[in-house]
Every structure is written in C-alpha cells, then in structure tokens.
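Here is the structure we will look at.
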2 protein chains.
Amino acid sequence: MSQMRRADARFNRDRVMAAAREAFASAGLEVPMREVARRAGVGVATLYRHFPTRTELVAAVLAERVDDCGVRMRRALDDPDPWRALSGVVREFAERQIHDRELNEVLLGPGELGAAFQKERREHAQALNVLVVRARAAGVLRDGVGADDVRAGLLAIASLRRLPATTSVRVIGLVADLVVAGIRA
Amino acid sequence: MSQMRRADARFNRDRVMAAAREAFASAGLEVPMREVARRAGVGVATLYRHFPTRTELVAAVLAERVDDCGVRMRRALDDPDPWRALSGVVREFAERQIHDRELNEVLLGPGELGAAFQKERREHAQALNVLVVRARAAGVLRDGVGADDVRAGLLAIASLRRLPATTSVRVIGLVADLVVAGIRA
DNA sequence: CCGGAAACGGAGCAGCTGTTCCGCTGTGTG
DNA sequence: CACACAGCGGAACAGCTGCTCCGTTTCCGG
C-alpha cells in the first residue's frame, strides 16, 4: 500500500505536488526541478524519491486536470445544439490555454508526455470527431471543414504558449475567435 | 574597409553563413553554435570572430530574407484586388513558415531578435494595416475583423513551428485556410 | 622567400540542466 | 524510551549550452 509510508513522506509529497502545480501554471512546463523543490521547501532528493523522473512529475500534475477535460467533453456531447457544442469546445480550449498553459498540447500531439495519456487523447479525439460530424450534419460548418481542420485550429491555439512571454491573453482570444469563424458556414 | 580582410577570412565567413542558413532552416533557430561550426568545417573561435554573439549570427542570416518579405509586401500593396492581396499575404506567410521556419516571428513579435529588425517590423505592420483597411472598405472582411485579428492569425501560424517536430506541413496549411476563412466576410 | 600580423582550431570556462550519492535526521515501533 | 531504518537535504556528477584563451598555422607585403 502506498498509504503505509511514513506520515511526513506523504505530507512532503503533497507539498511537492502543490508546488509543481503552481510552478507549472505560472512559469510553464519547463521550470527546473530545483525550482519546484525550492518552492516546495524540500531538497531535490525528496522530490526525486516521490517522482523518479521529471516526466513523471509533469504527468502526475497534468493527470489531475485531464479528467476535467473529459468531463467537459462529455458535457459538450450532451448539448443538443451542435454548433454551440463545437464552438464551445474551441472556446473552452482557449480558456484552458490561458489558465493551464501546459495541458492542451498533451491532448493533441504526441510529445514525450503524450505516451502517458494515450487513452485520454484518443477519447478526446473521438468526442471531437462526433461533434464535428453532428455539426456538419446540421449544416453549420463551412464546406470542406473536417475534424482535421478543427484539430489544426486547436493545435494553433495550443502552440501560442510557446512564443515569448509577451504573447498576451488577448491574442489567444482573438485566435480562438478566428478559428470559430473559420469553421462556421 | 571590410573588404580589406584576408582572403581566407572572407571565405570562411561565407562558409559560416552558408552553414548557418542550412542549419537554421533544417534544424531550427536553436541549433548549437558548435553544430554550425561543425557544418561549416571551422572551429568555434572562427565563428565567434565573424559573429561575436549568437544573436548576431541569427540576425545576419535572417537579414538576407527580411528584404524579400518587404518586396512581397509591396507587391501586395500594388494588387488592385484587396481580398486577393490580404489573403495572399496570409498564404505567403504560411508558405514561408514551411521553408524558413524562423523568419516569421521576427516580423511579428518582440523576441530577443526583434530589436535588430524594428524598422522592418514597423514597415510590415503598416503595410498590413493598409491592406486590412482596403479590404474592410471593399466589404470583404467579416464584421469586427481588424488588423489585430489578422496579426493574431499570423502569430498563430508562426507559433506552430515551436511545437514538437511532428507538426507537419499539412497542419500549417490547414491553419492558414482557417485564418483566411475566419477573416472573410 | 621570409617574417610579422591576421586568422585559426579546439581545449577550457562558466552556468545551466536532470539526476544520483551519501552522511545525517527524525519517526514510529517494540 | 531507545534504536533501526525510512526519509531527508544538499553537494556532486554528467552533459548540455554560449563564449573565451592561447599556442599554432597561414597569408601576403616587402
């Protein structure tokens, strides 16, 4: 059982997770391990005992949020209005881009993290396909627009975070509007 | 006179420029200086004697292409069809994204390189403004679309190159189509 | 064809990263 | 309450980066 560990160990693990969450959100996925340890008030060895590799720490933090994405996707699938469902997904994606800058590309592309979330990515992709098919059937999509186009739009939104920090929240919103307008009939 | 340098020095400078061009185009702007030197068949010291800092080498390579961007912009300004001019600029931008992956964001955002090309960036921005005003006057733009939206679209295209290498040429084309469709009336 | 200066190459420095090692500390149990 | 050992901190290692130093080679004017 993992609960059998000493109490202080569990406490430190929580401190590390909290520090990593905060650090990733504010400084991006590339913050040094030393920095996470410093924010958590522990030594690097402690950090590495709980998360043997950097990738595992990142995966652990993202895992908390990935579930939430699935919930939102299912909610969109329940929406009777196909256009509102699809455009809402795009806007939610952009919204997420602002607050949880790192999460989105895990859902879209096969980075080094991707391997840890293959199942979630597949589910996300399938749900998106359904939404696109419905929207197309409802005639609210521009001719020729398919799931690949929507995915490309999401990818473009996700990639914005990799530009120099000056890229503002406003630009993300503008691009999201552009994507929504670009797929509409 | 810079022509007064020894002949072998000039020769090596050309070799370095050629190697940097090729390396930047194929491996991105972040290739190590050692790698550029290796490709050029010279030592790192030679590289640093001709380009005292990494930034200067990058700027020197990009400078060759920036002029070409200006030429294309002026050609677009001469186009009597406002929509063809503006959408052509977006498509050319995406095209350039494929071949010269590094150039575009210099034109758009203030990275560390930006300082070296302020004039070019300003010209590019002004020309884009003119194209947008004309397109709007011609009624070919969707309501509410301004120069900032077009710039955001270009920024999105430029940022795609920062994703993992798996991002294909095809995605760039799809995003460009999305942007063009997103600004059209 | 020779000598001094210009140019060269690559080892080396400083600083960053992820990860490991090891002597010490503090916890929980008998 | 003592003591074994899980857990700890931080120095240290390996490997990357941009950049510099300096002994050696090469050019080219006289």
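Letters for chains follow the order of the structure tokens (A, B, ...), residue numbers begin at 1 for each chain, and ligand numbers begin at 1 in the order shown.
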Dump as JSON lines the rows for residues of chain C within 9 Å of chain B: closest atom pair and distance in Å with one decimal, only C-alpha atoms (C1' of nucleotides) counted, ordered by chain and rising residue number.
{"residue": "C:DA6", "atom": "C1'", "partner": "B:Arg6", "partner_atom": "CA", "distance": 7.3}
{"residue": "C:DA7", "atom": "C1'", "partner": "B:Ala9", "partner_atom": "CA", "distance": 6.8}
{"residue": "C:DC8", "atom": "C1'", "partner": "B:Thr46", "partner_atom": "CA", "distance": 6.6}
{"residue": "C:DG9", "atom": "C1'", "partner": "B:Gly43", "partner_atom": "CA", "distance": 5.1}
{"residue": "C:DG10", "atom": "C1'", "partner": "B:Gly43", "partner_atom": "CA", "distance": 6.8}
Provide as a PDB file with C-alpha atoms (C1' of nucleotides), in the first residue's frame the residues of chain D at most 9 Å from chain B, counting only C-alpha atoms (C1' of nucleotides).
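That gives us selection-v1.pdb:
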ATOM      1  C1'  DT D  17      24.915  25.307 -23.726  1.00  0.00           C
ATOM      2  C1'  DG D  18      27.237  30.143 -25.183  1.00  0.00           C
ATOM      3  C1'  DC D  19      31.560  32.041 -25.190  1.00  0.00           C
ATOM      4  C1'  DT D  20      36.943  32.878 -24.431  1.00  0.00           C
ATOM      5  C1'  DT D  26      48.582  30.557 -42.828  1.00  0.00           C
ATOM      6  C1'  DC D  27      48.593  34.560 -45.611  1.00  0.00           C
ATOM      7  C1'  DC D  28      50.794  38.200 -48.034  1.00  0.00           C
TER       8       DC D  28
END
DSSP helix (DSSP H, G or I) selection over stretch 25-124 of chain A, as a PyMOL selection string: chain A and resi 25-27+33-40+44-50+54-78+82-99+103-108+114-124
Chain B residues near chain A (6 Å cut-off, only C-alpha atoms) as a PDB file with C-alpha atoms, in the first residue's frame:
ATOM      1  CA  ASP B 149      -7.110  39.862 -35.657  1.00  0.00           C
ATOM      2  CA  ALA B 152      -3.123  37.231 -34.248  1.00  0.00           C
ATOM      3  CA  GLY B 153      -3.776  34.757 -37.046  1.00  0.00           C
ATOM      4  CA  ALA B 156      -0.745  31.547 -34.535  1.00  0.00           C
ATOM      5  CA  SER B 159       3.917  29.739 -33.317  1.00  0.00           C
ATOM      6  CA  LEU B 160       3.206  26.338 -34.848  1.00  0.00           C
ATOM      7  CA  VAL B 171      -1.235  21.387 -40.381  1.00  0.00           C
ATOM      8  CA  LEU B 174      -4.941  23.890 -42.638  1.00  0.00           C
ATOM      9  CA  VAL B 175      -4.396  26.669 -40.116  1.00  0.00           C
ATOM     10  CA  LEU B 178      -8.753  28.574 -41.214  1.00  0.00           C
ATOM     11  CA  ALA B 181     -11.797  31.755 -43.808  1.00  0.00           C
ATOM     12  CA  GLY B 182     -12.003  33.356 -40.387  1.00  0.00           C
TER      13      GLY B 182
END
Could you fit chain B onto chain A with a least-squares superposition over all C-alpha atoms, matched one to one in order, and give me the transformed chain as an mmCIF file with C-alpha atoms, in the first residue's frame?
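See selection25.cif below for the written result:
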data_model
loop_
_atom_site.group_PDB
_atom_site.id
_atom_site.type_symbol
_atom_site.label_atom_id
_atom_site.label_comp_id
_atom_site.auth_asym_id
_atom_site.auth_seq_id
_atom_site.Cartn_x
_atom_site.Cartn_y
_atom_site.Cartn_z
ATOM 1 C CA MET B 1 -0.127 0.012 0.208
ATOM 2 C CA SER B 2 1.019 3.460 -0.658
ATOM 3 C CA GLN B 3 -0.776 4.739 2.417
ATOM 4 C CA MET B 4 1.615 2.761 4.569
ATOM 5 C CA ARG B 5 4.441 5.264 4.014
ATOM 6 C CA ARG B 6 5.546 7.445 6.790
ATOM 7 C CA ALA B 7 3.335 10.423 7.488
ATOM 8 C CA ASP B 8 5.992 13.045 6.757
ATOM 9 C CA ALA B 9 6.666 11.452 3.372
ATOM 10 C CA ARG B 10 3.027 11.765 2.383
ATOM 11 C CA PHE B 11 3.001 15.355 3.603
ATOM 12 C CA ASN B 12 6.067 16.192 1.537
ATOM 13 C CA ARG B 13 4.598 14.542 -1.526
ATOM 14 C CA ASP B 14 1.594 16.826 -1.260
ATOM 15 C CA ARG B 15 3.822 19.853 -0.833
ATOM 16 C CA VAL B 16 5.744 18.888 -3.975
ATOM 17 C CA MET B 17 2.560 18.387 -5.995
ATOM 18 C CA ALA B 18 1.203 21.755 -4.869
ATOM 19 C CA ALA B 19 4.466 23.525 -5.680
ATOM 20 C CA ALA B 20 4.653 21.829 -9.088
ATOM 21 C CA ARG B 21 1.056 22.797 -9.895
ATOM 22 C CA GLU B 22 1.757 26.397 -9.061
ATOM 23 C CA ALA B 23 5.162 26.494 -10.768
ATOM 24 C CA PHE B 24 3.920 24.889 -13.991
ATOM 25 C CA ALA B 25 0.934 27.200 -14.177
ATOM 26 C CA SER B 26 2.902 30.382 -13.627
ATOM 27 C CA ALA B 27 6.263 29.666 -15.236
ATOM 28 C CA GLY B 28 5.476 26.962 -17.785
ATOM 29 C CA LEU B 29 6.297 23.293 -18.035
ATOM 30 C CA GLU B 30 10.023 23.922 -18.350
ATOM 31 C CA VAL B 31 10.701 25.156 -14.830
ATOM 32 C CA PRO B 32 13.788 23.432 -13.417
ATOM 33 C CA MET B 33 13.334 20.649 -10.916
ATOM 34 C CA ARG B 34 15.476 22.630 -8.461
ATOM 35 C CA GLU B 35 12.939 25.434 -8.661
ATOM 36 C CA VAL B 36 10.016 23.141 -7.895
ATOM 37 C CA ALA B 37 11.941 21.721 -4.943
ATOM 38 C CA ARG B 38 12.751 25.212 -3.714
ATOM 39 C CA ARG B 39 9.106 26.300 -3.905
ATOM 40 C CA ALA B 40 8.070 23.160 -2.046
ATOM 41 C CA GLY B 41 10.677 23.776 0.625
ATOM 42 C CA VAL B 42 12.277 20.354 0.172
ATOM 43 C CA GLY B 43 15.554 19.081 -1.275
ATOM 44 C CA VAL B 44 15.796 17.770 -4.816
ATOM 45 C CA ALA B 45 16.369 14.230 -3.561
ATOM 46 C CA THR B 46 12.962 14.264 -1.861
ATOM 47 C CA LEU B 47 11.369 15.412 -5.077
ATOM 48 C CA TYR B 48 13.065 12.619 -7.026
ATOM 49 C CA ARG B 49 12.128 9.992 -4.473
ATOM 50 C CA HIS B 50 8.429 10.727 -5.005
ATOM 51 C CA PHE B 51 8.709 11.311 -8.771
ATOM 52 C CA PRO B 52 11.656 9.340 -10.171
ATOM 53 C CA THR B 53 11.812 11.418 -13.333
ATOM 54 C CA ARG B 54 10.821 14.859 -14.473
ATOM 55 C CA THR B 55 8.311 13.437 -16.925
ATOM 56 C CA GLU B 56 6.523 11.575 -14.147
ATOM 57 C CA LEU B 57 6.115 14.736 -12.096
ATOM 58 C CA VAL B 58 4.657 16.605 -15.054
ATOM 59 C CA ALA B 59 2.368 13.689 -15.850
ATOM 60 C CA ALA B 60 1.178 13.514 -12.237
ATOM 61 C CA VAL B 61 0.242 17.192 -12.217
ATOM 62 C CA LEU B 62 -1.476 17.060 -15.592
ATOM 63 C CA ALA B 63 -3.393 13.919 -14.667
ATOM 64 C CA GLU B 64 -5.397 15.930 -12.153
ATOM 65 C CA ARG B 65 -6.699 18.172 -14.911
ATOM 66 C CA VAL B 66 -7.077 15.731 -17.763
ATOM 67 C CA ASP B 67 -10.118 14.207 -16.084
ATOM 68 C CA ASP B 68 -11.784 17.593 -16.033
ATOM 69 C CA CYS B 69 -11.266 17.879 -19.781
ATOM 70 C CA GLY B 70 -13.065 14.585 -20.246
ATOM 71 C CA VAL B 71 -15.973 15.827 -18.199
ATOM 72 C CA ARG B 72 -16.312 18.948 -20.329
ATOM 73 C CA MET B 73 -16.114 16.890 -23.496
ATOM 74 C CA ARG B 74 -18.936 14.631 -22.318
ATOM 75 C CA ARG B 75 -20.992 17.682 -21.416
ATOM 76 C CA ALA B 76 -20.488 19.002 -24.949
ATOM 77 C CA LEU B 77 -21.616 15.646 -26.341
ATOM 78 C CA ASP B 78 -24.869 16.047 -24.412
ATOM 79 C CA ASP B 79 -25.560 19.478 -25.860
ATOM 80 C CA PRO B 80 -28.489 19.261 -28.318
ATOM 81 C CA ASP B 81 -27.157 22.267 -30.283
ATOM 82 C CA PRO B 82 -24.272 20.985 -32.461
ATOM 83 C CA TRP B 83 -22.803 24.414 -33.185
ATOM 84 C CA ARG B 84 -22.874 25.554 -29.586
ATOM 85 C CA ALA B 85 -21.253 22.286 -28.581
ATOM 86 C CA LEU B 86 -18.377 22.495 -31.048
ATOM 87 C CA SER B 87 -17.657 26.201 -30.767
ATOM 88 C CA GLY B 88 -17.925 25.860 -27.004
ATOM 89 C CA VAL B 89 -15.211 23.229 -27.057
ATOM 90 C CA VAL B 90 -12.918 25.551 -28.987
ATOM 91 C CA ARG B 91 -13.561 28.391 -26.568
ATOM 92 C CA GLU B 92 -13.096 26.176 -23.540
ATOM 93 C CA PHE B 93 -9.860 25.001 -25.049
ATOM 94 C CA ALA B 94 -8.645 28.582 -25.391
ATOM 95 C CA GLU B 95 -9.834 29.380 -21.878
ATOM 96 C CA ARG B 96 -7.855 26.440 -20.596
ATOM 97 C CA GLN B 97 -4.894 27.690 -22.582
ATOM 98 C CA ILE B 98 -4.899 30.818 -20.479
ATOM 99 C CA HIS B 99 -5.117 29.147 -17.092
ATOM 100 C CA ASP B 100 -3.439 25.803 -17.586
ATOM 101 C CA ARG B 101 -0.978 26.604 -20.286
ATOM 102 C CA GLU B 102 0.569 23.193 -20.460
ATOM 103 C CA LEU B 103 -2.408 20.892 -20.660
ATOM 104 C CA ASN B 104 -3.689 21.351 -24.158
ATOM 105 C CA GLU B 105 -0.869 20.089 -26.259
ATOM 106 C CA VAL B 106 -0.828 16.878 -24.289
ATOM 107 C CA LEU B 107 -4.348 16.270 -25.545
ATOM 108 C CA LEU B 108 -3.423 16.962 -29.135
ATOM 109 C CA GLY B 109 0.086 15.958 -29.994
ATOM 110 C CA PRO B 110 2.446 13.135 -29.248
ATOM 111 C CA GLY B 111 5.093 14.875 -27.205
ATOM 112 C CA GLU B 112 7.206 13.034 -24.680
ATOM 113 C CA LEU B 113 4.292 13.417 -22.294
ATOM 114 C CA GLY B 114 1.827 12.078 -24.797
ATOM 115 C CA ALA B 115 2.688 8.475 -24.078
ATOM 116 C CA ALA B 116 1.267 8.784 -20.571
ATOM 117 C CA PHE B 117 -2.113 9.982 -21.782
ATOM 118 C CA GLN B 118 -2.778 7.974 -24.919
ATOM 119 C CA LYS B 119 -6.166 6.814 -23.689
ATOM 120 C CA GLU B 120 -7.329 10.305 -22.808
ATOM 121 C CA ARG B 121 -6.096 11.636 -26.126
ATOM 122 C CA ARG B 122 -7.979 8.992 -28.034
ATOM 123 C CA GLU B 123 -11.190 9.710 -26.146
ATOM 124 C CA HIS B 124 -10.779 13.428 -26.722
ATOM 125 C CA ALA B 125 -10.191 12.876 -30.440
ATOM 126 C CA GLN B 126 -13.203 10.588 -30.805
ATOM 127 C CA ALA B 127 -15.497 12.987 -28.983
ATOM 128 C CA LEU B 128 -14.276 15.795 -31.222
ATOM 129 C CA ASN B 129 -14.980 13.678 -34.282
ATOM 130 C CA VAL B 130 -18.537 13.110 -33.098
ATOM 131 C CA LEU B 131 -19.061 16.820 -32.523
ATOM 132 C CA VAL B 132 -17.755 17.648 -35.999
ATOM 133 C CA VAL B 133 -19.942 15.017 -37.672
ATOM 134 C CA ARG B 134 -23.012 16.358 -35.914
ATOM 135 C CA ALA B 135 -22.151 19.952 -36.740
ATOM 136 C CA ARG B 136 -21.608 19.054 -40.364
ATOM 137 C CA ALA B 137 -24.920 17.186 -40.457
ATOM 138 C CA ALA B 138 -26.596 20.268 -39.032
ATOM 139 C CA GLY B 139 -25.081 22.330 -41.841
ATOM 140 C CA VAL B 140 -23.335 24.824 -39.564
ATOM 141 C CA LEU B 141 -19.841 24.076 -40.865
ATOM 142 C CA ARG B 142 -18.150 25.729 -43.798
ATOM 143 C CA ASP B 143 -17.802 23.414 -46.792
ATOM 144 C CA GLY B 144 -14.773 21.169 -46.593
ATOM 145 C CA VAL B 145 -14.171 21.635 -42.876
ATOM 146 C CA GLY B 146 -13.454 18.352 -41.129
ATOM 147 C CA ALA B 147 -12.161 17.158 -37.799
ATOM 148 C CA ASP B 148 -8.593 17.662 -38.966
ATOM 149 C CA ASP B 149 -9.211 21.343 -39.560
ATOM 150 C CA VAL B 150 -10.686 21.801 -36.103
ATOM 151 C CA ARG B 151 -7.794 19.904 -34.605
ATOM 152 C CA ALA B 152 -5.347 22.117 -36.515
ATOM 153 C CA GLY B 153 -7.098 25.155 -35.075
ATOM 154 C CA LEU B 154 -6.789 23.803 -31.558
ATOM 155 C CA LEU B 155 -3.149 22.990 -32.209
ATOM 156 C CA ALA B 156 -2.560 26.577 -33.292
ATOM 157 C CA ILE B 157 -4.124 27.839 -30.074
ATOM 158 C CA ALA B 158 -2.048 25.434 -28.013
ATOM 159 C CA SER B 159 1.171 26.399 -29.752
ATOM 160 C CA LEU B 160 0.754 30.064 -28.854
ATOM 161 C CA ARG B 161 2.048 29.394 -25.390
ATOM 162 C CA ARG B 162 5.459 28.540 -26.789
ATOM 163 C CA LEU B 163 6.077 32.059 -28.013
ATOM 164 C CA PRO B 164 7.934 34.582 -25.847
ATOM 165 C CA ALA B 165 6.081 35.493 -22.695
ATOM 166 C CA THR B 166 4.869 38.774 -24.175
ATOM 167 C CA THR B 167 2.118 36.891 -25.979
ATOM 168 C CA SER B 168 -0.910 38.186 -24.178
ATOM 169 C CA VAL B 169 -4.143 36.625 -23.078
ATOM 170 C CA ARG B 170 -5.850 38.851 -25.619
ATOM 171 C CA VAL B 171 -4.115 37.210 -28.586
ATOM 172 C CA ILE B 172 -5.339 33.801 -27.493
ATOM 173 C CA GLY B 173 -8.897 35.083 -27.475
ATOM 174 C CA LEU B 174 -8.508 36.621 -30.921
ATOM 175 C CA VAL B 175 -7.137 33.393 -32.362
ATOM 176 C CA ALA B 176 -9.972 31.416 -30.803
ATOM 177 C CA ASP B 177 -12.477 33.773 -32.435
ATOM 178 C CA LEU B 178 -10.665 33.354 -35.734
ATOM 179 C CA VAL B 179 -10.828 29.585 -35.509
ATOM 180 C CA VAL B 180 -14.504 29.612 -34.600
ATOM 181 C CA ALA B 181 -15.267 31.979 -37.479
ATOM 182 C CA GLY B 182 -13.092 29.919 -39.787
ATOM 183 C CA ILE B 183 -15.047 26.709 -39.326
ATOM 184 C CA ARG B 184 -18.521 28.257 -39.390
ATOM 185 C CA ALA B 185 -20.652 28.002 -42.493
#
So how far away is atom C1' of C:DT27 from atom C1' of D:DA6, in Å?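 One can read the atom C1' of D:DA6 to atom C1' of C:DT27 distance as 8.3 Å.
For the pair atom C1' of D:DC8 and atom C1' of C:DG23, the separation is 10.6 Å.
Between atom C1' of C:DC13 and atom C1' of D:DT25 the interatomic distance comes to 24.4 Å.
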